[in-house]
Structures are given as C-alpha cells and as structure tokens.
$ cat query.txt   # compact mmCIF, C-alpha atoms
# COMPACT_ATOMS: atom_id res chain seq x y z
CA MET A 1 232.94 -26.40 -2.98
CA ILE A 2 236.22 -27.74 -4.42
CA LYS A 3 234.38 -29.42 -7.27
CA ARG A 4 232.32 -26.29 -7.93
CA ASN A 5 235.43 -24.08 -7.98
CA THR A 6 237.24 -26.48 -10.31
CA PHE A 7 234.30 -26.50 -12.69
CA ALA A 8 234.30 -22.68 -12.64
CA TYR A 9 238.02 -22.56 -13.49
CA VAL A 10 237.62 -25.02 -16.37
CA TYR A 11 234.47 -23.30 -17.62
CA PHE A 12 236.07 -19.87 -17.97
CA LEU A 13 239.49 -21.06 -19.15
CA THR A 14 237.95 -23.23 -21.87
CA ARG A 15 235.73 -20.49 -23.30
CA VAL A 16 237.77 -17.31 -23.07
CA PHE A 17 239.79 -17.35 -26.32
CA PHE A 18 236.74 -17.86 -28.49
CA ILE A 19 235.70 -14.27 -27.75
CA GLY A 20 236.86 -12.07 -30.62
CA TYR A 21 239.37 -14.73 -31.74
CA GLY A 22 238.27 -18.36 -31.91
CA PHE A 23 234.82 -18.12 -33.41
CA SER A 24 235.82 -15.45 -35.90
CA LEU A 25 238.99 -17.17 -37.17
CA ILE A 26 237.45 -20.65 -37.37
CA PHE A 27 234.46 -19.27 -39.29
CA THR A 28 236.89 -17.55 -41.67
CA ILE A 29 238.64 -20.86 -42.38
CA THR A 30 235.74 -23.33 -42.54
CA ASN A 31 232.61 -21.14 -42.76
CA LYS A 32 229.36 -23.13 -42.35
CA ASP A 33 231.31 -26.40 -41.93
CA SER A 34 232.84 -25.03 -38.73
CA TRP A 35 230.49 -27.14 -36.61
CA ILE A 36 232.43 -30.20 -37.83
CA SER A 37 235.66 -28.56 -36.69
CA PHE A 38 234.13 -27.82 -33.28
CA ILE A 39 233.15 -31.45 -32.71
CA LEU A 40 236.41 -32.87 -34.07
CA GLY A 41 238.38 -30.31 -32.06
CA GLU A 42 236.62 -31.34 -28.87
CA ILE A 43 237.39 -35.01 -29.54
CA LEU A 44 241.07 -34.23 -30.16
CA SER A 45 241.18 -32.10 -27.02
CA ILE A 46 240.12 -34.91 -24.71
CA GLY A 47 243.55 -36.53 -24.96
CA LEU A 48 245.33 -33.28 -24.17
CA VAL A 49 243.05 -32.55 -21.20
CA PHE A 50 243.76 -36.06 -19.92
CA ILE A 51 247.52 -35.36 -20.15
CA ILE A 52 247.03 -32.11 -18.21
CA THR A 53 245.10 -34.07 -15.57
CA ILE A 54 247.97 -36.55 -15.19
CA LEU A 55 250.53 -33.72 -14.92
CA LYS A 56 248.37 -32.07 -12.28
CA LYS A 57 248.34 -35.25 -10.20
CA LYS A 58 252.11 -35.65 -10.60
CA TYR A 59 252.68 -32.01 -9.63
CA GLU A 60 250.66 -32.42 -6.45
CA LYS A 61 252.74 -35.47 -5.44
CA ARG A 62 256.16 -34.01 -6.32
CA PRO A 63 257.24 -31.51 -3.64
CA PHE A 64 260.45 -30.69 -5.55
CA LEU A 65 258.42 -29.00 -8.27
CA LYS A 66 256.75 -26.77 -5.69
CA GLU A 67 259.64 -26.11 -3.32
CA LYS A 68 262.79 -26.09 -5.44
CA GLY A 69 260.93 -25.59 -8.63
CA HIS A 70 262.34 -25.68 -12.11
CA LEU A 71 263.73 -22.45 -13.52
CA ILE A 72 262.75 -23.19 -17.12
CA LEU A 73 259.27 -24.30 -16.07
CA LYS A 74 258.83 -21.22 -13.89
CA GLY A 75 260.00 -18.99 -16.73
CA LEU A 76 257.63 -20.62 -19.22
CA TYR A 77 254.66 -20.28 -16.91
CA PHE A 78 255.51 -16.66 -16.18
CA LEU A 79 255.76 -15.82 -19.89
CA PHE A 80 252.62 -17.78 -20.73
CA ALA A 81 250.55 -16.20 -17.97
CA THR A 82 251.81 -12.73 -18.88
CA PHE A 83 251.03 -13.29 -22.58
CA VAL A 84 247.53 -14.55 -21.78
CA SER A 85 246.90 -11.55 -19.52
CA ILE A 86 247.94 -9.12 -22.25
CA GLU A 87 245.66 -10.81 -24.77
CA ILE A 88 242.72 -10.86 -22.36
CA LEU A 89 243.07 -7.16 -21.59
CA PHE A 90 243.33 -6.41 -25.30
CA ILE A 91 240.16 -8.40 -26.07
CA PHE A 92 238.38 -6.70 -23.18
CA GLN A 93 239.19 -3.16 -24.29
CA THR A 94 238.39 -3.97 -27.92
CA LEU A 95 235.02 -5.48 -27.04
CA ALA A 96 234.13 -2.69 -24.62
CA SER A 97 235.20 0.16 -26.92
CA ASN A 98 233.33 -1.30 -29.92
CA PHE A 99 230.04 -2.23 -28.25
CA PHE A 100 229.67 -0.82 -24.73
CA LEU A 101 231.73 2.32 -24.13
CA LEU A 102 232.08 3.76 -27.60
CA LYS A 103 233.43 7.16 -26.60
CA SER A 104 235.53 6.17 -23.58
CA PRO A 105 239.35 6.09 -23.80
CA ASN A 106 240.84 2.62 -23.52
CA THR A 107 242.77 3.65 -20.43
CA PHE A 108 239.56 4.31 -18.50
CA ILE A 109 238.04 1.10 -19.85
CA ILE A 110 240.71 -1.23 -18.48
CA LEU A 111 241.66 0.68 -15.33
CA PRO A 112 238.73 -0.52 -13.15
CA SER A 113 239.29 -4.13 -14.24
CA VAL A 114 243.02 -3.93 -13.52
CA LEU A 115 242.43 -2.52 -10.03
CA LEU A 116 239.79 -5.16 -9.29
CA VAL A 117 242.08 -7.94 -10.55
CA PHE A 118 244.91 -6.66 -8.33
CA ARG A 119 242.58 -6.70 -5.35
CA ILE A 120 241.27 -10.21 -5.98
CA CYS A 121 244.76 -11.59 -6.70
CA VAL A 122 246.01 -10.28 -3.37
CA LYS A 123 243.33 -12.45 -1.74
CA GLY A 124 244.48 -15.54 -3.70
CA PHE A 125 242.90 -18.48 -5.47
CA LYS A 126 240.33 -19.20 -2.74
CA THR A 127 238.67 -15.85 -3.37
CA ILE A 128 239.00 -16.25 -7.15
CA GLY A 129 237.33 -19.65 -6.89
CA ARG A 130 234.40 -18.31 -4.86
CA VAL A 131 233.86 -15.39 -7.25
CA GLY A 132 234.17 -17.74 -10.23
CA SER A 133 231.52 -20.10 -8.82
CA VAL A 134 229.00 -17.26 -8.55
CA LEU A 135 229.81 -15.80 -11.97
CA MET A 136 229.69 -19.25 -13.60
CA THR A 137 226.15 -19.81 -12.32
CA ILE A 138 225.03 -16.45 -13.74
CA SER A 139 226.85 -17.14 -17.01
CA LEU A 140 225.26 -20.58 -17.43
CA VAL A 141 221.79 -19.14 -16.85
CA MET A 142 222.48 -16.51 -19.51
CA VAL A 143 223.77 -19.13 -21.96
CA ILE A 144 220.66 -21.29 -21.44
CA ILE A 145 218.37 -18.29 -22.00
CA VAL A 146 220.28 -17.29 -25.15
CA LEU A 147 220.18 -20.82 -26.57
CA GLY A 148 216.49 -21.21 -25.80
CA THR A 149 215.57 -17.79 -27.18
CA LEU A 150 217.59 -17.88 -30.40
CA THR A 151 216.95 -21.48 -31.45
CA THR A 152 213.81 -20.40 -33.34
CA TYR A 153 215.93 -18.12 -35.55
CA VAL A 154 218.16 -20.96 -36.79
CA LYS A 155 217.75 -21.83 -40.48
CA THR A 156 218.75 -25.35 -41.49
CA ASP A 157 219.52 -24.14 -45.02
CA ASN A 158 222.53 -22.29 -43.60
CA PHE A 159 224.22 -25.66 -42.91
CA LEU A 160 223.72 -27.05 -46.42
CA PRO A 161 225.42 -28.37 -48.42
CA ILE A 162 227.83 -30.05 -46.03
CA LEU A 163 231.61 -30.34 -46.61
CA THR A 164 232.05 -27.54 -49.11
CA VAL A 165 235.54 -26.65 -47.81
CA ASN A 166 238.78 -28.60 -47.98
CA LYS A 167 239.23 -31.33 -45.42
CA SER A 168 242.61 -29.82 -44.58
CA ASN A 169 240.86 -26.61 -43.55
CA ILE A 170 238.56 -28.56 -41.26
CA PHE A 171 241.56 -30.27 -39.67
CA ILE A 172 243.37 -26.94 -39.18
CA SER A 173 240.28 -25.43 -37.58
CA SER A 174 240.02 -28.47 -35.29
CA ILE A 175 243.60 -27.96 -34.14
CA TYR A 176 242.84 -24.29 -33.56
CA TYR A 177 239.79 -25.28 -31.51
CA MET A 178 241.99 -27.53 -29.41
CA ALA A 179 244.54 -24.75 -28.89
CA TYR A 180 241.96 -22.15 -27.90
CA SER A 181 240.04 -24.41 -25.53
CA THR A 182 242.80 -26.41 -23.81
CA SER A 183 246.00 -24.34 -23.56
CA PRO A 184 244.66 -22.08 -20.73
CA LEU A 185 243.89 -25.26 -18.74
CA LEU A 186 247.64 -25.56 -18.10
CA PHE A 187 247.13 -23.01 -15.31
CA LEU A 188 245.08 -25.60 -13.42
CA ILE A 189 248.22 -27.63 -12.71
CA LEU A 190 249.36 -24.85 -10.37
CA ILE A 191 246.02 -24.06 -8.73
CA PRO A 192 245.62 -25.66 -5.28
CA ASP A 193 242.42 -27.09 -3.80
CA THR A 194 241.03 -28.34 -7.11
CA ASP A 195 239.94 -31.85 -8.04
CA ASN A 196 241.14 -33.87 -11.00
CA HIS A 197 237.94 -34.46 -13.00
CA LEU A 198 239.07 -32.06 -15.70
CA VAL A 199 237.85 -34.09 -18.68
CA ARG A 200 234.28 -34.14 -17.38
CA TYR A 201 234.27 -30.39 -16.73
CA TYR A 202 235.95 -29.71 -20.07
CA LEU A 203 233.29 -31.62 -22.02
CA LEU A 204 230.50 -29.67 -20.33
CA SER A 205 232.24 -26.33 -20.89
CA SER A 206 233.12 -27.20 -24.48
CA LEU A 207 229.51 -28.12 -25.13
CA THR A 208 228.46 -24.50 -24.49
CA ILE A 209 231.00 -23.38 -27.12
CA ILE A 210 229.77 -25.88 -29.70
CA LEU A 211 226.10 -25.00 -29.14
CA MET A 212 226.84 -21.29 -29.46
CA GLY A 213 228.90 -21.95 -32.59
CA VAL A 214 226.10 -23.96 -34.19
CA LEU A 215 223.66 -21.20 -33.25
CA MET A 216 225.81 -18.58 -35.00
CA ILE A 217 226.07 -20.66 -38.17
CA GLY A 218 222.33 -21.26 -38.26
CA ILE A 219 221.43 -17.61 -37.69
CA LEU A 220 224.10 -15.66 -39.57
CA GLY A 221 224.58 -17.98 -42.52
CA PRO A 222 227.71 -18.45 -44.69
CA ASN A 223 227.75 -14.90 -46.08
CA PHE A 224 227.92 -13.14 -42.71
CA LEU A 225 230.09 -15.64 -40.81
CA GLU A 226 233.26 -14.35 -42.46
CA ILE A 227 232.40 -10.68 -42.03
CA TYR A 228 231.87 -10.21 -38.31
CA ARG A 229 234.82 -10.06 -35.94
CA TYR A 230 232.45 -10.61 -33.00
CA PRO A 231 229.75 -12.94 -34.38
CA GLU A 232 228.87 -13.99 -30.82
CA TYR A 233 227.70 -10.44 -30.14
CA MET A 234 225.88 -9.97 -33.45
CA VAL A 235 223.58 -12.96 -32.93
CA LEU A 236 222.50 -11.53 -29.57
CA LYS A 237 220.87 -8.62 -31.39
CA ASP A 238 218.08 -11.01 -32.42
CA ILE A 239 217.09 -11.75 -28.84
CA LYS A 240 213.57 -10.71 -27.85
CA ILE A 241 212.01 -11.51 -24.50
CA LEU A 242 208.21 -11.95 -24.41
CA ASP A 243 208.19 -10.67 -28.02
CA PHE A 244 208.48 -7.03 -27.00
CA ILE A 245 211.60 -6.56 -24.83
CA GLU A 246 214.41 -5.82 -27.29
CA LYS A 247 217.94 -4.39 -27.27
CA VAL A 248 219.04 -6.77 -24.50
CA GLU A 249 222.24 -7.92 -26.22
CA ASN A 250 224.41 -5.87 -23.86
CA VAL A 251 222.93 -7.66 -20.87
CA PHE A 252 223.53 -11.14 -22.24
CA SER A 253 226.99 -10.30 -23.55
CA MET A 254 227.98 -9.77 -19.92
CA ALA A 255 228.70 -13.51 -19.90
CA THR A 256 231.69 -12.88 -22.19
CA LEU A 257 232.96 -10.18 -19.83
CA PHE A 258 232.78 -12.71 -16.98
CA ASP A 259 234.99 -15.05 -19.01
CA LEU A 260 237.54 -12.30 -19.63
CA PHE A 261 237.61 -11.07 -16.04
CA MET A 262 237.97 -14.51 -14.49
CA VAL A 263 240.77 -15.67 -16.80
CA LEU A 264 242.60 -12.37 -16.29
CA ALA A 265 242.40 -12.95 -12.54
CA ILE A 266 243.62 -16.55 -12.89
CA SER A 267 246.52 -15.76 -15.22
CA MET A 268 247.67 -12.75 -13.20
CA ASN A 269 247.54 -14.79 -9.99
CA VAL A 270 249.82 -17.34 -11.66
CA VAL A 271 252.18 -14.44 -12.40
CA LYS A 272 251.94 -13.41 -8.74
CA ILE A 273 252.85 -16.94 -7.62
CA LYS A 274 255.92 -16.95 -9.87
CA LEU A 275 256.95 -13.62 -8.33
CA LYS A 276 256.87 -15.31 -4.89
CA LYS A 277 253.73 -13.35 -3.98
CA ASN A 278 255.60 -10.05 -3.94
CA ASN A 279 252.81 -7.48 -4.25
CA TYR A 280 255.11 -4.68 -5.40
CA LEU A 281 256.61 -6.71 -8.25
CA PHE A 282 253.15 -7.98 -9.08
CA ALA A 283 251.79 -4.44 -9.32
CA LEU A 284 254.68 -3.51 -11.61
CA VAL A 285 254.06 -6.47 -13.92
CA LEU A 286 250.33 -5.70 -13.97
CA LEU A 287 251.14 -2.13 -14.98
CA ILE A 288 253.40 -3.36 -17.80
CA VAL A 289 250.72 -5.80 -18.97
CA SER A 290 248.20 -2.95 -19.07
CA LEU A 291 250.54 -0.68 -21.05
CA VAL A 292 251.33 -3.40 -23.59
CA SER A 293 247.63 -4.16 -24.08
CA LEU A 294 246.94 -0.46 -24.59
CA TYR A 295 249.73 -0.36 -27.19
CA LEU A 296 248.13 -3.31 -28.99
CA GLY A 297 244.84 -1.45 -28.96
CA LYS A 298 246.47 1.41 -30.87
CA ASN A 299 248.56 -0.76 -33.22
CA TYR A 300 246.02 -2.45 -35.47
CA SER A 301 248.55 -4.23 -37.72
CA LEU A 302 250.24 -5.94 -34.78
CA ALA A 303 246.90 -6.85 -33.24
CA LEU A 304 245.81 -8.36 -36.56
CA GLU A 305 248.96 -10.50 -36.71
CA LEU A 306 248.26 -11.80 -33.21
CA TYR A 307 244.71 -12.57 -34.33
CA TYR A 308 246.05 -15.01 -36.93
CA TYR A 309 249.05 -16.34 -34.99
CA LEU A 310 247.46 -16.72 -31.55
CA PRO A 311 246.52 -20.43 -31.92
CA MET A 312 250.06 -21.26 -33.06
CA ILE A 313 251.55 -19.34 -30.13
CA LEU A 314 249.25 -21.21 -27.75
CA ILE A 315 250.29 -24.54 -29.29
CA VAL A 316 253.99 -23.70 -28.87
CA PHE A 317 253.51 -22.75 -25.21
CA THR A 318 251.51 -25.94 -24.60
CA ILE A 319 254.16 -28.18 -26.16
CA LEU A 320 257.01 -26.46 -24.32
CA ILE A 321 255.34 -26.54 -20.89
CA ILE A 322 254.26 -30.18 -21.18
CA THR A 323 257.69 -31.23 -22.49
CA VAL A 324 259.56 -29.47 -19.67
CA PHE A 325 257.15 -30.97 -17.15
CA LEU A 326 257.80 -34.49 -18.45
CA ILE A 327 261.57 -33.97 -18.50
CA SER A 328 261.50 -32.64 -14.91
CA LEU A 329 259.45 -35.58 -13.71
CA ARG A 330 261.75 -38.06 -15.44
CA LYS A 331 264.90 -36.53 -13.91
CA ASN A 332 263.46 -36.50 -10.39
CA ARG A 333 261.96 -39.95 -10.04

$ encode --input "query.txt" --output "structure tokens"
Amino acid sequence: MIKRNTFAYVYFLTRVFFIGYGFSLIFTITNKDSWISFILGEILSIGLVFIITILKKKYEKRPFLKEKGHLILKGLYFLFATFVSIEILFIFQTLASNFFLLKSPNTFIILPSVLLVFRICVKGFKTIGRVGSVLMTISLVMVIIVLGTLTTYVKTDNFLPILTVNKSNIFISSIYYMAYSTSPLLFLILIPDTDNHLVRYYLLSSLTIILMGVLMIGILGPNFLEIYRYPEYMVLKDIKILDFIEKVENVFSMATLFDLFMVLAISMNVVKIKLKKNNYLFALVLLIVSLVSLYLGKNYSLALELYYYLPMILIVFTILIITVFLISLRKNR
C-alpha cells in the first residue's frame, strides 16, 4: 500500500502543471520538435528527482528538521504550497468554465472542490493516499484507452522535418519540462509513509506525459499546436469508441481533473502541516487561496503573465528549497 500511495503521489504531482500550462507553452516554443524537449527534459529531471530522493531520506533521519524545524524552510514550503494551490484552483476553474460548465460562475465551480479538499485534508495524508491510489488506477486506464484509440489518427508528416527550431529553444523547453514535472515532487519530502523509489515512479509518470505530447503533435500538426491553450482537450474530440460512440472527450478529460484535485489536496495539506494542523487557520488560508484564484480568473493580463513566468517561478522555489535544505543539514550534522 505504501508503494502504491507513493506512486499515486508521484503520478499526479508530475503531470499536473502540463494541464493548460506545460503542453501549451512548450508547443509555443518548439512546435513539432517539442517531443525532443520532452525526452531531453525527462533525462535532465532524473538528476533532480534523485536529489529530492536523497533529501527525503535525510529528512526522515533528522528529527531536528521535524521537531524544531527551520523557519526559513517552513516559510518557503508554506509559500510554495500556497502558490501551487492558487495555480491549481485557477487552472481548474479555467478548464471547467471553458469546457464543462460554460454558464456557471467561477465561485460555484470551485466551491465544491474547496469543501472536498478541506474535508480530505482534515483526514490527513493517509486518506489522500488511499483516494489517490483509486483515482490513479482510473486515470491510467483512461490514458491507455486514449493512447490506443487516438494512435490511428497520428500523421508522421506532422513530425517532419526534424529540428526546424533553434537548439536554444529546445534546451529552454527541456528546462521548462523539468520545472513543470519535478518541482511539485518537493512536497514528497514532507509526506510520511512513502517509499524512496521516486526515480522509478517518476519515469513511469513522465512516460504518460511524453506519449500524450507525441500524440498531440502527430494529430494536431505544427499549425494548430501553437493555437490551442488546451491541446490535451482538443485531441480528445477525435475519440470514437466502436466507430459510433462520439462526444466522449468530457469523460476522458476527467483524468486531468483527477490530477488537479489530488495535487490541490496534497499542497493544501502541506499548508495545513505548516500551520501546525490548526483547522481554523487552515480554513482561513484556504479561503484566501480561493479568493486569489478567483481574482486571477477575472484578471486575464495577470493570468497571462503567470502563464509565461510559471516555470521560472517553479525553478526559483526549487533552488531555494533545496539550498536551504542542504544548508540546514550541513549545520546540524
């Protein structure tokens, strides 16, 4: 069960920022050569995931980090988890209002999710892990069906010719891939009852991203890759089951909602831990997070800036947290 829960955590944390952000921005930078960036980004990420694994082991063996803590480290984790929660809620309301609940106010869109997240966070990581294990199984089945169904729509001409963009763009997209897929894994350092085979789980989770990315390139082609903000949703419109069941994209896009819900639960539970499990303070922070995400939903210019700067913000948080961790470990040998 511990291994299954850990895989579920890694699976959702690795995938979440590609929804509405990662795929769209990387396609904008490298277009049909994005598949190269995906593979290179995964290779670069292995080293960072290995570092996170080492820090996780050190954290579990250093009681001073858990008991006395480190004010700067606590503050960084609180800010990071709060920022991630805001972004996840913003992505959720944007996705839902554009494709599922077109006429519903954003407040009513996020309210049920916020209440459910509060409830599950009160129960703690054990409950989150159990829910994540179930949702991961459903999500993987959906991904396999999507990949198997849409493969016939892939056109090899959409990948040719290769290397038509600058190599610097490919490198930048690779760094962005690494930021999107690995920075949320920093939460795993704080999650109890998880094993340390993060690299293995990351490679499997990252593989689903790469396969979906290749599928989008092959189906949409270079002209449409740069247009769609949610290319992962647009390719689902081509799905047909038994050649006559159509319009099932909303069903299969539920997998993306699972990603968003689970990471919101994980990040907000990290916030709860940093608030010493005070439910009243936690409810207040959750309310503030919801209000800020609603403000982002109404402020398109600010949301657009976050769209472009998100990978850099994630990189900064990753560098700061890892650096403070290493300094803390060095001082308390």

$ closest_atom_pairs --input "query.txt" --of "region 77-168 of chain A" --to "region 273-289 of chain A" --cutoff "10 Å" --atoms "only C-alpha atoms" --output "tab-separated table"
residue	atom	partner	partner_atom	distance
A:Tyr77	CA	A:Lys274	CA	7.9
A:Phe78	CA	A:Lys274	CA	6.3
A:Ala81	CA	A:Lys274	CA	9.7
A:Thr82	CA	A:Val289	CA	7.0
A:Phe83	CA	A:Val289	CA	8.3
A:Val84	CA	A:Val289	CA	9.7
A:Ser85	CA	A:Val289	CA	6.9
A:Ile86	CA	A:Val289	CA	5.4
A:Glu87	CA	A:Val289	CA	9.2
A:Leu89	CA	A:Val289	CA	8.2
A:Phe90	CA	A:Val289	CA	9.7
A:Leu111	CA	A:Leu287	CA	9.9
A:Val114	CA	A:Leu286	CA	7.5
A:Leu115	CA	A:Leu286	CA	9.4
A:Val117	CA	A:Leu286	CA	9.2
A:Phe118	CA	A:Ala283	CA	7.3
A:Cys121	CA	A:Asn279	CA	9.4
A:Val122	CA	A:Asn279	CA	7.4
A:Gly124	CA	A:Ile273	CA	9.3

$ residues_around --input "query.txt" --residues "Ile321 (chain A)" --least-positions-apart "2" --cutoff "12 Å" --atoms "only C-alpha atoms" --output "PyMOL selection string"
chain A and resi 51-52+55+70-81+183-187+189+314-319+323-328

$ atom_distance --input "query.txt" --atom1 "CA of Tyr11 (chain A)" --atom2 "CA of Leu291 (chain A)"
28.0 Å

$ atom_distance --input "query.txt" --atom1 "CA of Tyr180 (chain A)" --atom2 "CA of Leu306 (chain A)"
13.2 Å

$ residues_around --input "query.txt" --residues "Thr94 (chain A)" --least-positions-apart "2" --cutoff "12 Å" --atoms "only C-alpha atoms" --output "PyMOL selection string"
chain A and resi 19-21+87-92+96-102+104-107+109-110+229-230+257+260+293-300+303

$ write_last_selection --input "query.txt" --atoms "C-alpha atoms" --output "mmCIF file, in the frame of the given file"
data_model
loop_
_atom_site.group_PDB
_atom_site.id
_atom_site.type_symbol
_atom_site.label_atom_id
_atom_site.label_comp_id
_atom_site.auth_asym_id
_atom_site.auth_seq_id
_atom_site.Cartn_x
_atom_site.Cartn_y
_atom_site.Cartn_z
ATOM 1 C CA ILE A 19 235.700 -14.270 -27.750
ATOM 2 C CA GLY A 20 236.860 -12.070 -30.620
ATOM 3 C CA TYR A 21 239.370 -14.730 -31.740
ATOM 4 C CA GLU A 87 245.660 -10.810 -24.770
ATOM 5 C CA ILE A 88 242.720 -10.860 -22.360
ATOM 6 C CA LEU A 89 243.070 -7.160 -21.590
ATOM 7 C CA PHE A 90 243.330 -6.410 -25.300
ATOM 8 C CA ILE A 91 240.160 -8.400 -26.070
ATOM 9 C CA PHE A 92 238.380 -6.700 -23.180
ATOM 10 C CA ALA A 96 234.130 -2.690 -24.620
ATOM 11 C CA SER A 97 235.200 0.160 -26.920
ATOM 12 C CA ASN A 98 233.330 -1.300 -29.920
ATOM 13 C CA PHE A 99 230.040 -2.230 -28.250
ATOM 14 C CA PHE A 100 229.670 -0.820 -24.730
ATOM 15 C CA LEU A 101 231.730 2.320 -24.130
ATOM 16 C CA LEU A 102 232.080 3.760 -27.600
ATOM 17 C CA SER A 104 235.530 6.170 -23.580
ATOM 18 C CA PRO A 105 239.350 6.090 -23.800
ATOM 19 C CA ASN A 106 240.840 2.620 -23.520
ATOM 20 C CA THR A 107 242.770 3.650 -20.430
ATOM 21 C CA ILE A 109 238.040 1.100 -19.850
ATOM 22 C CA ILE A 110 240.710 -1.230 -18.480
ATOM 23 C CA ARG A 229 234.820 -10.060 -35.940
ATOM 24 C CA TYR A 230 232.450 -10.610 -33.000
ATOM 25 C CA LEU A 257 232.960 -10.180 -19.830
ATOM 26 C CA LEU A 260 237.540 -12.300 -19.630
ATOM 27 C CA SER A 293 247.630 -4.160 -24.080
ATOM 28 C CA LEU A 294 246.940 -0.460 -24.590
ATOM 29 C CA TYR A 295 249.730 -0.360 -27.190
ATOM 30 C CA LEU A 296 248.130 -3.310 -28.990
ATOM 31 C CA GLY A 297 244.840 -1.450 -28.960
ATOM 32 C CA LYS A 298 246.470 1.410 -30.870
ATOM 33 C CA ASN A 299 248.560 -0.760 -33.220
ATOM 34 C CA TYR A 300 246.020 -2.450 -35.470
ATOM 35 C CA ALA A 303 246.900 -6.850 -33.240
#

$ residues_around --input "query.txt" --residues "Ser205 (chain A)" --least-positions-apart "4" --cutoff "10 Å" --atoms "only C-alpha atoms" --output "MDAnalysis selection string"
chainID A and resid 7:8 10:15 140 181 199:201 209:210

$ closest_residue --input "query.txt" --among "A:Phe171, A:Phe50, A:Phe125, A:Phe23" --to "Leu215 (chain A)" --atoms "all atoms listed in the file"
A:Phe23

$ atom_distance --input "query.txt" --atom1 "CA of Gly218 (chain A)" --atom2 "CA of Lys155 (chain A)"
5.1 Å

$ residues_around --input "query.txt" --residues "region 129-135 of chain A" --least-positions-apart "6" --cutoff "10 Å" --atoms "only C-alpha atoms" --output "list in words"
Met1, Ile2, Lys3, Arg4, Asn5, Thr6, Phe7, Ala8, Tyr9, Tyr11, Phe12, Ile120, Val141, Ile191, Asp193, Thr194, Ala255, Phe258, Asp259, Phe261, Met262, Val263, Ala265 and Ile266 of chain A

$ residues_around --input "query.txt" --residues "Ser24 (chain A)" --least-positions-apart "5" --cutoff "8 Å" --atoms "all atoms listed in the file" --output "NGL selection string"
:A and (18 or 225-226 or 228-231)

$ closest_residue --input "query.txt" --among "A:Ile29, A:Ile175, A:Leu40, A:Met268" --to "Met312 (chain A)" --atoms "only C-alpha atoms"
A:Ile175

$ closest_residue --input "query.txt" --among "A:Ile162, A:Ile219, A:Ile36, A:Val214" --to "Leu236 (chain A)" --atoms "only C-alpha atoms"
A:Ile219

$ axis_aligned_box --input "query.txt" --around "region 143-160 of chain A" --padding-each-side "6 Å" --output "AutoDock Vina command-line options"
--center_x 219.0 --center_y -22.2 --center_z -33.9 --size_x 22.4 --size_y 21.8 --size_z 37.0

$ decode --input "query.txt" --residues "region 29-44 of chain A" --atoms "N, CA and C atoms" --output "CSV table (one decimal), in the first residue's frame"
chain,number,residue,atom,x,y,z
A,29,ILE,N,7.0,27.2,-28.0
A,29,ILE,CA,8.4,27.5,-28.1
A,29,ILE,C,9.0,26.6,-29.1
A,30,THR,N,8.7,25.3,-29.1
A,30,THR,CA,9.4,24.4,-30.0
A,30,THR,C,8.5,23.6,-31.0
A,31,ASN,N,7.2,23.9,-31.0
A,31,ASN,CA,6.3,23.4,-32.0
A,31,ASN,C,6.5,21.9,-32.2
A,32,LYS,N,6.6,21.4,-33.4
A,32,LYS,CA,6.6,19.9,-33.7
A,32,LYS,C,7.9,19.3,-33.2
A,33,ASP,N,8.9,20.0,-32.8
A,33,ASP,CA,10.1,19.5,-32.2
A,33,ASP,C,10.0,19.3,-30.7
A,34,SER,N,8.8,19.6,-30.2
A,34,SER,CA,8.7,19.5,-28.7
A,34,SER,C,8.9,18.1,-28.1
A,35,TRP,N,8.7,17.1,-29.0
A,35,TRP,CA,9.0,15.7,-28.5
A,35,TRP,C,10.4,15.5,-28.1
A,36,ILE,N,11.3,16.3,-28.7
A,36,ILE,CA,12.8,16.2,-28.3
A,36,ILE,C,12.9,16.9,-27.0
A,37,SER,N,12.2,18.0,-26.8
A,37,SER,CA,12.3,18.6,-25.5
A,37,SER,C,11.8,17.8,-24.3
A,38,PHE,N,10.7,17.0,-24.6
A,38,PHE,CA,10.1,16.1,-23.6
A,38,PHE,C,11.1,15.1,-23.2
A,39,ILE,N,11.8,14.5,-24.2
A,39,ILE,CA,12.7,13.4,-23.8
A,39,ILE,C,13.9,14.0,-23.1
A,40,LEU,N,14.5,15.1,-23.7
A,40,LEU,CA,15.7,15.7,-23.0
A,40,LEU,C,15.3,16.2,-21.6
A,41,GLY,N,14.1,16.7,-21.5
A,41,GLY,CA,13.7,17.2,-20.2
A,41,GLY,C,13.5,16.1,-19.2
A,42,GLU,N,13.1,15.0,-19.6
A,42,GLU,CA,13.0,13.8,-18.7
A,42,GLU,C,14.3,13.4,-18.2
A,43,ILE,N,15.3,13.3,-19.2
A,43,ILE,CA,16.7,12.9,-18.8
A,43,ILE,C,17.3,13.9,-17.8
A,44,LEU,N,17.1,15.2,-18.1
A,44,LEU,CA,17.6,16.2,-17.1
A,44,LEU,C,17.0,16.1,-15.8
